[in-house]
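The structure file entry34.pdb is reproduced below (PDB, C-alpha atoms).
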```pdb
ATOM      1  CA  MET B   1     -20.202 -13.511  -3.169
ATOM      2  CA  GLY B   2     -17.274 -11.726  -1.555
ATOM      3  CA  GLU B   3     -17.359  -8.939  -4.136
ATOM      4  CA  TYR B   4     -19.151  -5.674  -4.922
ATOM      5  CA  ASN B   5     -22.254  -5.920  -7.120
ATOM      6  CA  LEU B   6     -24.471  -3.225  -8.618
ATOM      7  CA  LEU B   7     -27.951  -4.573  -7.844
ATOM      8  CA  LYS B   8     -31.494  -3.239  -8.176
ATOM      9  CA  VAL B   9     -33.935  -2.947  -5.273
ATOM     10  CA  ILE B  10     -36.959  -5.174  -5.989
ATOM     11  CA  LYS B  11     -38.790  -5.021  -2.636
ATOM     12  CA  VAL B  12     -38.873  -2.671   0.343
ATOM     13  CA  LYS B  13     -39.813  -4.276   3.680
ATOM     14  CA  ASP B  14     -39.690  -3.294   7.348
ATOM     15  CA  MET B  15     -36.627  -5.501   7.842
ATOM     16  CA  GLY B  16     -34.771  -3.892   4.937
ATOM     17  CA  VAL B  17     -34.741  -4.147   1.154
ATOM     18  CA  PHE B  18     -34.326  -7.072  -1.205
ATOM     19  CA  MET B  19     -31.793  -6.821  -4.028
ATOM     20  CA  ASP B  20     -32.363  -8.508  -7.378
ATOM     21  CA  ASN B  21     -30.293 -11.669  -7.870
ATOM     22  CA  GLY B  22     -32.532 -13.260 -10.487
ATOM     23  CA  GLU B  23     -34.298 -15.316  -7.828
ATOM     24  CA  GLU B  24     -36.150 -14.402  -4.636
ATOM     25  CA  GLY B  25     -33.737 -11.582  -3.845
ATOM     26  CA  ILE B  26     -30.938 -10.922  -1.337
ATOM     27  CA  LEU B  27     -31.758  -9.080   1.870
ATOM     28  CA  MET B  28     -29.941  -5.890   2.810
ATOM     29  CA  PRO B  29     -30.784  -5.291   6.495
ATOM     30  CA  LYS B  30     -32.435  -1.965   7.296
ATOM     31  CA  ARG B  31     -29.417  -0.572   9.164
ATOM     32  CA  PHE B  32     -27.369  -0.684   5.934
ATOM     33  CA  VAL B  33     -30.003   0.796   3.611
ATOM     34  CA  PRO B  34     -29.298   4.386   2.434
ATOM     35  CA  PRO B  35     -32.016   6.863   3.458
ATOM     36  CA  GLY B  36     -34.701   7.364   0.817
ATOM     37  CA  THR B  37     -34.033   4.072  -0.964
ATOM     38  CA  LYS B  38     -37.015   2.917  -3.065
ATOM     39  CA  THR B  39     -37.925   0.107  -5.443
ATOM     40  CA  GLY B  40     -36.004   0.325  -8.711
ATOM     41  CA  ASP B  41     -32.936   2.037  -7.213
ATOM     42  CA  GLU B  42     -29.564   0.535  -8.087
ATOM     43  CA  ILE B  43     -27.048   0.283  -5.232
ATOM     44  CA  ASN B  44     -23.450  -0.920  -5.180
ATOM     45  CA  VAL B  45     -23.452  -3.557  -2.437
ATOM     46  CA  PHE B  46     -21.038  -6.099  -1.019
ATOM     47  CA  LEU B  47     -22.286  -9.686  -0.753
ATOM     48  CA  TYR B  48     -21.383 -12.253   1.909
ATOM     49  CA  HIS B  49     -23.009 -15.016   3.984
ATOM     50  CA  ASP B  50     -24.479 -14.505   7.428
ATOM     51  CA  GLY B  51     -23.897 -16.920  10.323
ATOM     52  CA  GLU B  52     -26.562 -19.292   8.969
ATOM     53  CA  GLY B  53     -25.140 -19.332   5.455
ATOM     54  CA  ARG B  54     -27.731 -17.002   3.930
ATOM     55  CA  PRO B  55     -26.542 -14.396   1.394
ATOM     56  CA  ILE B  56     -26.574 -10.847   2.753
ATOM     57  CA  ALA B  57     -26.036  -7.501   1.025
ATOM     58  CA  THR B  58     -24.421  -4.535   2.770
ATOM     59  CA  THR B  59     -23.204  -1.023   2.058
ATOM     60  CA  GLN B  60     -20.425  -1.535   4.607
ATOM     61  CA  LYS B  61     -16.947  -1.648   3.050
ATOM     62  CA  PRO B  62     -14.770  -4.638   3.992
ATOM     63  CA  TYR B  63     -10.997  -4.340   4.342
ATOM     64  CA  GLY B  64     -10.637  -6.689   1.385
ATOM     65  CA  VAL B  65     -12.654  -8.542  -1.241
ATOM     66  CA  LEU B  66     -12.388 -12.023  -2.712
ATOM     67  CA  GLY B  67      -8.826 -12.582  -3.968
ATOM     68  CA  ASP B  68      -7.227  -9.783  -1.919
ATOM     69  CA  ILE B  69      -4.273 -10.351   0.403
ATOM     70  CA  VAL B  70      -4.743  -8.212   3.499
ATOM     71  CA  LYS B  71      -3.551  -7.851   7.084
ATOM     72  CA  LEU B  72      -6.429  -8.544   9.489
ATOM     73  CA  LYS B  73      -6.804  -8.602  13.258
ATOM     74  CA  ALA B  74      -7.924 -11.784  15.047
ATOM     75  CA  ILE B  75     -11.010 -11.191  17.216
ATOM     76  CA  SER B  76     -11.564 -14.627  18.713
ATOM     77  CA  ILE B  77     -10.006 -18.079  18.561
ATOM     78  CA  THR B  78     -11.884 -21.397  18.588
ATOM     79  CA  SER B  79     -10.895 -25.039  18.319
ATOM     80  CA  HIS B  80     -11.940 -24.944  14.659
ATOM     81  CA  GLY B  81     -10.116 -21.763  13.647
ATOM     82  CA  ALA B  82     -10.294 -18.023  14.234
ATOM     83  CA  PHE B  83     -12.512 -15.056  13.415
ATOM     84  CA  LEU B  84     -10.901 -11.998  11.830
ATOM     85  CA  ASP B  85     -12.162  -8.423  11.727
ATOM     86  CA  TRP B  86     -12.610  -7.470   8.053
ATOM     87  CA  GLY B  87     -14.757  -4.390   8.573
ATOM     88  CA  LEU B  88     -18.212  -6.012   8.430
ATOM     89  CA  MET B  89     -20.828  -6.920  11.042
ATOM     90  CA  LYS B  90     -19.860 -10.565  10.583
ATOM     91  CA  ASP B  91     -16.211 -11.504  11.126
ATOM     92  CA  LEU B  92     -14.255 -13.475   8.520
ATOM     93  CA  PHE B  93     -13.547 -17.090   9.469
ATOM     94  CA  ILE B  94     -10.179 -18.748   8.923
ATOM     95  CA  PRO B  95     -10.367 -22.532   9.412
ATOM     96  CA  LYS B  96      -7.646 -24.271  11.363
ATOM     97  CA  SER B  97      -6.559 -25.973   8.135
ATOM     98  CA  GLY B  98      -5.776 -22.535   6.678
ATOM     99  CA  MET B  99      -3.695 -21.324   9.610
ATOM    100  CA  ILE B 100       0.097 -21.229   9.840
ATOM    101  CA  SER B 101       0.555 -18.913  12.818
ATOM    102  CA  PHE B 102      -0.415 -19.707  16.375
ATOM    103  CA  MET B 103      -3.064 -16.994  16.289
ATOM    104  CA  GLN B 104      -3.895 -14.935  19.347
ATOM    105  CA  PRO B 105      -6.738 -12.458  19.956
ATOM    106  CA  MET B 106      -5.811  -8.935  18.789
ATOM    107  CA  GLY B 107      -2.866 -10.281  16.789
ATOM    108  CA  GLU B 108      -2.586  -9.175  13.140
ATOM    109  CA  TYR B 109      -2.021 -11.693  10.352
ATOM    110  CA  LEU B 110      -1.487 -11.598   6.600
ATOM    111  CA  VAL B 111      -4.210 -13.637   4.872
ATOM    112  CA  LYS B 112      -5.800 -14.128   1.473
ATOM    113  CA  ILE B 113      -9.573 -13.892   1.113
ATOM    114  CA  VAL B 114     -10.763 -17.015  -0.693
ATOM    115  CA  MET B 115     -13.884 -19.071  -1.343
ATOM    116  CA  ASP B 116     -13.821 -22.088   0.965
ATOM    117  CA  GLU B 117     -14.243 -25.218  -1.166
ATOM    118  CA  GLN B 118     -16.029 -27.195   1.533
ATOM    119  CA  THR B 119     -18.573 -24.621   2.704
ATOM    120  CA  GLY B 120     -18.890 -22.420  -0.375
ATOM    121  CA  ARG B 121     -18.486 -19.359   1.854
ATOM    122  CA  VAL B 122     -15.941 -16.570   1.817
ATOM    123  CA  ALA B 123     -13.084 -17.409   4.194
ATOM    124  CA  ALA B 124      -9.421 -16.629   4.837
ATOM    125  CA  THR B 125      -6.162 -18.551   4.616
ATOM    126  CA  GLU B 126      -2.599 -17.872   5.687
ATOM    127  CA  LYS B 127      -1.264 -20.357   3.135
ATOM    128  CA  LEU B 128      -0.358 -17.797   0.498
ATOM    129  CA  GLU B 129       2.370 -19.709  -1.348
ATOM    130  CA  ARG B 130      -0.121 -21.742  -3.382
ATOM    131  CA  TYR B 131      -1.506 -18.501  -4.836
ATOM    132  CA  LEU B 132       1.877 -16.957  -5.743
ATOM    133  CA  SER B 133       3.985 -17.950  -8.720
ATOM    134  CA  ASN B 134       6.847 -16.530 -10.783
ATOM    135  CA  GLU B 135       6.658 -19.305 -13.364
ATOM    136  CA  ILE B 136       4.770 -17.111 -15.869
ATOM    137  CA  LEU B 137       5.282 -13.409 -15.205
ATOM    138  CA  THR B 138       2.651 -10.770 -15.911
ATOM    139  CA  VAL B 139       5.053  -7.858 -15.278
ATOM    140  CA  LYS B 140       8.108  -6.413 -17.012
ATOM    141  CA  GLU B 141      11.094  -4.279 -16.001
ATOM    142  CA  LYS B 142      10.337  -0.642 -15.099
ATOM    143  CA  GLU B 143       6.615  -1.414 -14.823
ATOM    144  CA  GLU B 144       4.813   0.220 -11.903
ATOM    145  CA  VAL B 145       3.265  -2.287  -9.522
ATOM    146  CA  GLU B 146       1.621  -2.631  -6.117
ATOM    147  CA  LEU B 147       3.868  -4.098  -3.424
ATOM    148  CA  LEU B 148       2.864  -5.832  -0.208
ATOM    149  CA  VAL B 149       5.503  -6.631   2.447
ATOM    150  CA  TYR B 150       5.414 -10.409   2.947
ATOM    151  CA  ARG B 151       8.296 -11.360   5.228
ATOM    152  CA  LYS B 152      11.730 -10.235   6.401
ATOM    153  CA  THR B 153      14.910 -11.889   5.116
ATOM    154  CA  ASP B 154      18.644 -11.451   5.646
ATOM    155  CA  ILE B 155      18.914  -9.203   2.562
ATOM    156  CA  GLY B 156      15.733  -7.152   2.886
ATOM    157  CA  TYR B 157      12.034  -7.910   2.583
ATOM    158  CA  GLU B 158      10.240 -10.376   0.387
ATOM    159  CA  VAL B 159       7.233  -8.666  -1.172
ATOM    160  CA  ILE B 160       4.108  -9.750  -3.034
ATOM    161  CA  ILE B 161       3.713  -8.068  -6.424
ATOM    162  CA  ASN B 162       0.172  -7.313  -7.632
ATOM    163  CA  ASN B 163      -1.158 -10.183  -5.465
ATOM    164  CA  LYS B 164       0.479 -12.612  -7.938
ATOM    165  CA  HIS B 165       4.275 -12.790  -7.815
ATOM    166  CA  LYS B 166       7.067 -12.638  -5.251
ATOM    167  CA  GLY B 167       9.926 -10.168  -5.367
ATOM    168  CA  MET B 168      12.766  -8.832  -3.230
ATOM    169  CA  LEU B 169      13.085  -5.324  -1.836
ATOM    170  CA  HIS B 170      16.762  -5.121  -0.875
ATOM    171  CA  THR B 171      17.983  -3.393   2.264
ATOM    172  CA  ASN B 172      19.689  -0.609   0.285
ATOM    173  CA  GLU B 173      16.292   0.289  -1.232
ATOM    174  CA  ILE B 174      14.576   0.685   2.156
ATOM    175  CA  TYR B 175      14.355   4.195   3.596
ATOM    176  CA  ARG B 176      11.654   3.896   6.235
ATOM    177  CA  PRO B 177      10.476   1.410   8.868
ATOM    178  CA  MET B 178       8.758  -1.631   7.351
ATOM    179  CA  GLU B 179       6.155  -3.967   8.771
ATOM    180  CA  ILE B 180       4.602  -7.133   7.413
ATOM    181  CA  GLY B 181       1.420  -6.124   5.611
ATOM    182  CA  ASP B 182       2.600  -2.654   4.539
ATOM    183  CA  ARG B 183       1.314  -1.812   1.073
ATOM    184  CA  PHE B 184       2.816   0.780  -1.280
ATOM    185  CA  ASN B 185       3.533   1.503  -4.945
ATOM    186  CA  GLY B 186       6.819   0.507  -6.543
ATOM    187  CA  PHE B 187       8.295  -0.752  -9.791
ATOM    188  CA  ILE B 188      10.086  -3.769 -11.231
ATOM    189  CA  LYS B 189      13.777  -2.953 -11.012
ATOM    190  CA  ASN B 190      15.269  -6.138 -12.465
ATOM    191  CA  ILE B 191      14.052  -9.533 -13.646
ATOM    192  CA  LEU B 192      16.803 -12.063 -12.992
ATOM    193  CA  SER B 193      17.372 -15.700 -13.905
ATOM    194  CA  GLU B 194      14.627 -18.144 -12.928
ATOM    195  CA  ASN B 195      12.214 -15.178 -12.983
ATOM    196  CA  LYS B 196      13.445 -13.801  -9.686
ATOM    197  CA  ILE B 197      12.413 -10.161  -9.317
ATOM    198  CA  ASP B 198      14.079  -7.185  -7.646
ATOM    199  CA  VAL B 199      11.780  -4.254  -6.881
ATOM    200  CA  ALA B 200      12.104  -0.688  -5.622
ATOM    201  CA  ALA B 201       9.663   1.743  -4.046
ATOM    202  CA  GLY B 202       8.334   4.772  -5.938
ATOM    203  CA  LYS B 203       8.481   5.274  -9.703
ATOM    204  CA  PRO B 204      11.219   4.295 -12.158
ATOM    205  CA  GLY B 205      14.008   6.498 -13.493
ATOM    206  CA  TYR B 206      13.538  10.056 -14.653
ATOM    207  CA  GLN B 207       9.770   9.839 -14.319
ATOM    208  CA  ARG B 208      10.303   9.489 -10.584
ATOM    209  CA  VAL B 209      12.707  12.458 -10.565
ATOM    210  CA  GLU B 210      10.228  14.617 -12.494
ATOM    211  CA  ASP B 211       7.371  13.764 -10.131
ATOM    212  CA  GLU B 212       9.501  14.398  -7.044
ATOM    213  CA  ALA B 213      10.633  17.758  -8.462
ATOM    214  CA  GLU B 214       7.028  18.962  -8.351
ATOM    215  CA  LYS B 215       6.728  17.721  -4.779
ATOM    216  CA  ILE B 216       9.904  19.505  -3.613
ATOM    217  CA  LEU B 217       8.859  22.786  -5.241
ATOM    218  CA  ARG B 218       5.420  22.490  -3.668
ATOM    219  CA  LEU B 219       6.891  21.834  -0.218
ATOM    220  CA  LEU B 220       9.255  24.782  -0.618
ATOM    221  CA  ASN B 221       6.341  27.053  -1.447
ATOM    222  CA  GLU B 222       4.393  25.715   1.545
ATOM    223  CA  HIS B 223       7.339  26.505   3.851
ATOM    224  CA  ASN B 224       8.052  30.072   2.721
ATOM    225  CA  GLY B 225      10.693  29.023   0.202
ATOM    226  CA  TYR B 226      13.022  27.370   2.690
ATOM    227  CA  LEU B 227      13.619  23.797   3.836
ATOM    228  CA  PRO B 228      16.382  22.687   6.237
ATOM    229  CA  TYR B 229      17.389  19.558   4.300
ATOM    230  CA  HIS B 230      20.701  19.030   2.538
ATOM    231  CA  ASP B 231      23.381  16.586   1.457
ATOM    232  CA  LYS B 232      24.317  15.747   5.036
ATOM    233  CA  SER B 233      20.749  15.048   6.152
ATOM    234  CA  THR B 234      20.270  11.387   6.958
ATOM    235  CA  PRO B 235      18.246   9.131   4.642
ATOM    236  CA  GLU B 236      15.767   8.687   7.495
ATOM    237  CA  GLU B 237      15.266  12.463   7.888
ATOM    238  CA  ILE B 238      14.753  12.921   4.159
ATOM    239  CA  TYR B 239      12.326  10.030   3.876
ATOM    240  CA  ALA B 240      10.349  11.149   6.932
ATOM    241  CA  PHE B 241       9.690  14.570   5.351
ATOM    242  CA  PHE B 242       9.690  13.977   1.583
ATOM    243  CA  GLN B 243       8.773  10.257   1.419
ATOM    244  CA  ILE B 244      11.616   9.705  -1.069
ATOM    245  CA  SER B 245      15.074   8.153  -0.851
ATOM    246  CA  LYS B 246      18.177  10.274  -0.318
ATOM    247  CA  LYS B 247      19.419   9.223  -3.765
ATOM    248  CA  THR B 248      16.237  10.512  -5.416
ATOM    249  CA  PHE B 249      16.400  13.660  -3.287
ATOM    250  CA  LYS B 250      19.941  14.436  -4.483
ATOM    251  CA  MET B 251      19.105  13.688  -8.132
ATOM    252  CA  THR B 252      15.990  15.831  -8.023
ATOM    253  CA  THR B 253      17.516  18.829  -6.260
ATOM    254  CA  GLY B 254      20.517  18.643  -8.592
ATOM    255  CA  ASN B 255      18.218  18.856 -11.615
ATOM    256  CA  LEU B 256      16.244  21.694 -10.056
ATOM    257  CA  TYR B 257      19.472  23.605  -9.438
ATOM    258  CA  LYS B 258      20.580  23.140 -13.047
ATOM    259  CA  GLN B 259      17.200  24.495 -14.139
ATOM    260  CA  HIS B 260      17.779  27.544 -11.880
ATOM    261  CA  LYS B 261      14.654  26.707  -9.902
ATOM    262  CA  ILE B 262      16.385  26.448  -6.507
ATOM    263  CA  LEU B 263      19.547  27.780  -4.881
ATOM    264  CA  PHE B 264      21.875  26.103  -2.441
ATOM    265  CA  THR B 265      22.230  28.335   0.591
ATOM    266  CA  LYS B 266      24.368  28.188   3.731
ATOM    267  CA  ASN B 267      21.588  29.384   6.001
ATOM    268  CA  ARG B 268      18.182  30.893   5.809
ATOM    269  CA  HIS B 269      19.390  34.474   5.532
ATOM    270  CA  SER B 270      22.096  34.045   2.886
ATOM    271  CA  THR B 271      21.718  35.061  -0.753
ATOM    272  CA  GLY B 272      22.572  31.578  -2.010
ATOM    273  CA  ILE B 273      25.501  29.690  -3.453
ATOM    274  CA  LYS B 274      25.888  29.423  -7.244
ATOM    275  CA  THR B 275      28.201  26.416  -7.279
ATOM    276  CA  SER B 276      26.999  22.865  -6.646
ATOM    277  CA  MET B 277      26.329  21.787  -3.093
ATOM    278  CA  GLU B 278      28.918  19.011  -3.079
ATOM    279  CA  THR B 279      31.707  21.173  -4.545
ATOM    280  CA  TRP B 280      30.932  24.010  -2.160
ATOM    281  CA  ALA B 281      30.847  21.643   0.817
ATOM    282  CA  MET B 282      34.182  20.059  -0.063
ATOM    283  CA  ARG B 283      35.812  23.450  -0.626
ATOM    284  CA  TYR B 284      34.685  24.982   2.650
ATOM    285  CA  GLY B 285      34.114  21.931   4.807
ATOM    286  CA  LEU B 286      30.614  23.109   5.690
ATOM    287  CA  TRP B 287      27.531  20.969   5.907
ATOM    288  CA  ASP B 288      24.745  23.173   7.235
ATOM    289  CA  MET B 289      23.202  23.802   3.826
ATOM    290  CA  SER B 290      19.599  24.023   2.802
ATOM    291  CA  TYR B 291      17.517  24.643  -0.276
ATOM    292  CA  LYS B 292      15.926  27.952  -1.076
ATOM    293  CA  LEU B 293      13.709  29.140  -3.928
TER     294      LEU B 293
END
```
Reformat the file's structure so that it appears as structure tokens.
Amino acid sequence: MGEYNLLKVIKVKDMGVFMDNGEEGILMPKRFVPPGTKTGDEINVFLYHDGEGRPIATTQKPYGVLGDIVKLKAISITSHGAFLDWGLMKDLFIPKSGMISFMQPMGEYLVKIVMDEQTGRVAATEKLERYLSNEILTVKEKEEVELLVYRKTDIGYEVIINNKHKGMLHTNEIYRPMEIGDRFNGFIKNILSENKIDVAAGKPGYQRVEDEAEKILRLLNEHNGYLPYHDKSTPEEIYAFFQISKKTFKMTTGNLYKQHKILFTKNRHSTGIKTSMETWAMRYGLWDMSYKL
């Protein structure tokens, strides 16, 4: 329950089809059944409980499965808890005992999808700390990981790494607006004493530079060989267009220049500058430079 299962159709009825679970079968209501489905077909379905606790199969795709940490919107609040929209016909229940926030309808909250011990049904909890630990690490430095923004701190954002560990994304590594619940790829930058982890967005080292070089060349080709970004462009401008940091942008364009793949040019109609951008800018005090194929 709470996960995808590849199950075989064992009966076709007016109300829907029954999927093989080794017993009497699990109903998939007619509205979720793919057209032309017949007995013996195998279908990848998601399993959950309906309002009466009966197992139900669906081809709908939830926003998260058992074990995932996701940001979900509250639909309604009761004295016993709240119901969250997780992309299915039936909303996901979070009991009051699993709540930390004072939830409000239409508010969005970071929760983990778990199996409720008392009811045996899939539920949600805001109490994430019990599921996160850095005592035994499953990651190493420079390893690529999935990051989830957990909460804001004075030095940056605390993030959840691979749904298992906590790490810190420092302010100087942030180049775009961040919100709790944002998910993106990154890598382990440093593992410090007491297994504290510093992370960064993107890919590590030269691999990141090589990947971004392909992106910059592609964007240049898509914009007729000219892009109005340069050493004096702000980190925000560069990130908004390239989705990379200014540091990576400078490293990548520098390497491309050394490989004679781009030219530094003063404006769109110039023939290009053969010296480096920084040297040329310091010599002439100009900043309106761009990159040209």
For Leu148 of chain B, the closest of B:Gly205, B:Gly16, B:Gly87, B:Gly167 counting only C-alpha atoms is B:Gly167
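Nearest residue to Ala82 of chain B among B:Thr125, B:Thr37, B:Gln118, B:Ser193 is B:Thr125, counting all atoms listed in the file.
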Answer as number ranges by chain, residues within 9 Å of (-26.1, -7.5, 0.6) using all atoms listed in the file: B: 5, 18-19, 26-29, 32, 45-49, 55-59
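Interatomic distance, atom CA of Thr248 of chain B against atom CA of Asp182 of chain B: 21.4 Å.
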One number please: atom CA of Val199 of chain B to atom CA of Arg183 of chain B, in Å, one decimal. 13.4 Å
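Once the PyMOL selection byres ((chain B and resi 105) around 9) is applied to the depicted file, the selected set reads Lys73, Ala74, Ile75, Ser76, Ile77, Ala82, Met103, Gln104, Met106, Gly107 and Glu108 of chain B.
Across the model, the gap from atom CA of Gly120 of chain B to atom CA of Ser79 of chain B is 20.5 Å.
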Minimum-distance residue to His165 of chain B, chosen among B:Leu147, B:Leu192, B:Ile113, B:Ala123 (using all atoms listed in the file): B:Leu147
